[in-house]
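Asks: Before I ask anything, let me first share the structure, which is written out below as structure tokens.
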Amino acid sequence: MATRPLQPDPEEIAARQAVMALCADANRDDLDAAVKALAPPAVEDLRPPETGLVMATGRIGGDGRPFNLGEVSVTRAAIRLPDGASGFAYHLGRDRTKARLAATLDALWQDPARRARVEAALEPAARRADADRRQAARRTAATRVEFLTVARGED
Amino acid sequence: MLAPGFADPVHGAQGTFRAVMDALARPGLLQPLDAGLKPPAPLTPELAALALALTDADTPVWLDAGLADSPEVAAYLRFHTGAPLTDDPARAAFAFIRDPARCPPLARFAQGTPAYPDSSTTLVLALDMIANGERLHLAGPGIKGPTRIALTPLPEGFVAQLAENRAGFPLGVDVILTAPGRVAGLPRSTAVTES
């Protein structure tokens, strides 16, 4: 059995994180379509998907002192492919099927031969997530109040 | 390559816990244990079932030399239980021993304190066979009538060590014996004599 390097390439870590972030943004149908397109071999659960609570931490303005915002439900999944590659996913919410699909994509992505196909299969999910983000930004922008326009009139 | 844990984590852990509880409540009576695990060698399925059912992030685990030499075993236990591994037997809450013949003396494990005798180590031994036999005579709480068990292999000086362990009551270690498909308990309250 080939031993993996203990310290993987930082670029590879960043690329894997980007794929997993995309899976977290995508909805279940997108992930389902991506996995079906890749037709993975039999997937075995290392640990059946399970839901638990995680304390979410926030920072005011993004750089203030960290504070505990509250507990959020998180579902995690860990799977293994027949060739020994294991995939992991932690997702907000309680959708076990979605977490398992994301873990499957994680395992498939780790094989350099399959990497390009996984990223291509996730392309529609990326487009949809991007469109959702833009729409949310547009809706927020429409409700913006310009405080400059309520300047007090001096008489 | 990581191996899977219990297929049904809740019922797998509960079933194993029940078997161990019954084994410790009725020392010397063999309890069936079939967890359906396929852990990496040299970890046996029974040792793995007990590790997955009993250990977590709050229980330091000590592994004997054979188990500690295998990075797959450490990765398996770390992934499925999150338990910290320790190389000091006196700090361990659980000790898993694949090769009982080379087990350190029982006195080297945590004995508990008079205020907290429960903070002692629980040893889990993997044997080849446990049978109702003639070798060891057991007496003590939870044992009705004459109970005899035969252990294969029986570590050298094990009976003397168990007698010493019992002499320190309420301090001392509890021993859980496992063999393929079976588990039996030897809590510190049990008096073991060779017959």
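To be explicit about the labels: the chains of the structure tokens are called A, B, and onward in the order shown, and within each one the residues are counted from 1, while ligands get numbers from 1 in the order they are shown.
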Give me, as an MDAnalysis selection string, the residues of chain A touching chain B, with the criterion being at most 12 Å (counting only C-alpha atoms).
Replies: chainID A and resid 1:4 43:50 78:88
Asks: Please identify all polymer residues within 8 Å of stretch 15-23 of chain A, counting only C-alpha atoms, omitting same-chain residues fewer than 2 positions from it, and present them as a ChimeraX atom specification.
Replies: /A:11-13,25-27,31,89,102,106,109-110,119,125-126,129
Asks: Check the DSSP output for the backbone and give back, as a list in words, the residues of stretch 66-174 of chain B in strand (DSSP E).
Replies: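 These are the residues in question: Leu85, Thr86, Phe94, Ala95, Phe96, Ile97, Thr122, Leu123, Val124, Leu125, Ala126, Met129, Ile130, Ala131, Asn132, Gly133, Glu134, Arg135, Leu136, His137, Leu138, Ala139, Thr147, Arg148, Ile149, Ala150, Leu151, Thr152 and Asp174 of chain B.
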Asks: Could you give me, as a list in words, the residues within 12 Å of B:Ala90, counting only C-alpha atoms and dropping anything in the same chain fewer than 5 positions from it?
Replies: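 Final neighbour list, sorted by chain and number: Pro60, Val61, Trp62, Ala95, Pro104, Pro105, Leu106, Ala107, Arg108, Phe109, Ala110, Gln111, Gly112, Ser119, Ser120, Thr121, Thr122, Leu123, Gly172 and Val173 of chain B.
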Asks: Find the residues around B:Val20 up to 8 Å (only C-alpha atoms counted), leave out those fewer than 5 positions away in its own chain, and share them as a PyMOL selection string.
Replies: chain B and resi 31+176+183-185
Asks: Using N, CA and C atoms, can you write the selected residues to a file as a compact mmCIF listing (two decimals), in the first residue's frame?
Replies:
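Below you can see again-v4.txt, which holds the result:
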# COMPACT_ATOMS: atom_id res chain seq x y z
N GLN B 31 -20.19 -14.30 27.40
CA GLN B 31 -21.25 -13.59 26.70
C GLN B 31 -20.92 -13.60 25.21
N ILE B 176 -11.21 -7.29 31.08
CA ILE B 176 -12.22 -7.85 30.18
C ILE B 176 -11.48 -8.78 29.23
N VAL B 183 -16.97 -12.72 25.02
CA VAL B 183 -16.37 -11.79 25.98
C VAL B 183 -16.72 -12.27 27.38
N ALA B 184 -15.76 -12.11 28.30
CA ALA B 184 -15.97 -12.48 29.70
C ALA B 184 -15.30 -11.43 30.56
N GLY B 185 -15.78 -11.26 31.79
CA GLY B 185 -15.24 -10.23 32.66
C GLY B 185 -14.55 -10.80 33.87
Asks: Just how far from atom CA of B:Phe158 is atom CA of B:Pro117, in Å to one decimal?
Replies: 21.6 Å
Asks: May I have the residues within 12 Å of stretch 56-61 of chain A as a PyMOL selection string, using only C-alpha atoms and disregarding those fewer than 2 positions away in the same chain?
Replies: chain A and resi 53-54+63-74+92
Asks: Limited to N, CA and C atoms, could you put the picked residues into a file as a CSV table (one decimal), in the first residue's frame?
Replies:
chain,number,residue,atom,x,y,z
A,53,LEU,N,-24.6,19.0,16.6
A,53,LEU,CA,-24.6,20.4,16.8
A,53,LEU,C,-23.2,20.9,16.9
A,54,VAL,N,-22.9,22.1,16.3
A,54,VAL,CA,-21.6,22.7,16.3
A,54,VAL,C,-21.8,24.1,16.7
A,63,ASP,N,-13.6,41.2,11.8
A,63,ASP,CA,-12.3,41.2,12.4
A,63,ASP,C,-12.3,41.6,13.9
A,64,GLY,N,-13.6,41.6,14.5
A,64,GLY,CA,-13.7,41.9,15.9
A,64,GLY,C,-13.3,40.6,16.8
A,65,ARG,N,-13.6,40.8,18.1
A,65,ARG,CA,-13.3,39.6,18.9
A,65,ARG,C,-14.3,38.5,18.6
A,66,PRO,N,-13.8,37.3,18.6
A,66,PRO,CA,-14.7,36.2,18.3
A,66,PRO,C,-15.7,36.0,19.4
A,67,PHE,N,-17.0,35.7,19.1
A,67,PHE,CA,-18.0,35.4,20.1
A,67,PHE,C,-18.8,34.2,19.6
A,68,ASN,N,-19.4,33.5,20.5
A,68,ASN,CA,-20.2,32.3,20.1
A,68,ASN,C,-21.6,32.8,19.7
A,69,LEU,N,-21.9,32.5,18.4
A,69,LEU,CA,-23.2,33.0,17.8
A,69,LEU,C,-24.3,32.1,18.2
A,70,GLY,N,-24.1,30.8,18.3
A,70,GLY,CA,-25.2,29.9,18.6
A,70,GLY,C,-24.8,28.6,18.0
A,71,GLU,N,-25.6,27.5,18.3
A,71,GLU,CA,-25.3,26.2,17.8
A,71,GLU,C,-26.1,26.0,16.5
A,72,VAL,N,-25.4,25.4,15.5
A,72,VAL,CA,-26.0,25.1,14.2
A,72,VAL,C,-26.0,23.6,14.0
A,73,SER,N,-27.0,23.1,13.3
A,73,SER,CA,-27.0,21.6,13.0
A,73,SER,C,-26.0,21.4,11.8
A,74,VAL,N,-25.2,20.4,12.0
A,74,VAL,CA,-24.2,20.0,11.0
A,74,VAL,C,-24.3,18.5,10.7
A,92,LEU,N,-23.8,22.2,6.6
A,92,LEU,CA,-24.8,22.8,7.5
A,92,LEU,C,-26.1,22.1,7.1
Asks: If we count only C-alpha atoms, what is near stretch 67-76 of chain B at a cut-off of 10 Å, once residues fewer than 3 positions away on the same chain are taken out, given as a count of residues only?
Replies: 28
Asks: Considering only C-alpha atoms, state which residue in the set B:Leu162, B:Ala51, B:Ala139, B:Val124 is at the smallest distance from B:Pro27.
Replies: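 Between B:Leu162, B:Ala51, B:Ala139, B:Val124, the residue approaching B:Pro27 most closely is B:Ala139.
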Asks: In stretch 25-154 of chain A, what's alpha helix (DSSP H) per DSSP? Answer as a ChimeraX atom specification?
Replies: /A:25,28-38,96-109,112-121,123-142
Asks: Please, what distance in Å, to one decimal, runs between atom CA of A:Ala120 and atom CA of A:Arg100?
Replies: 19.4 Å
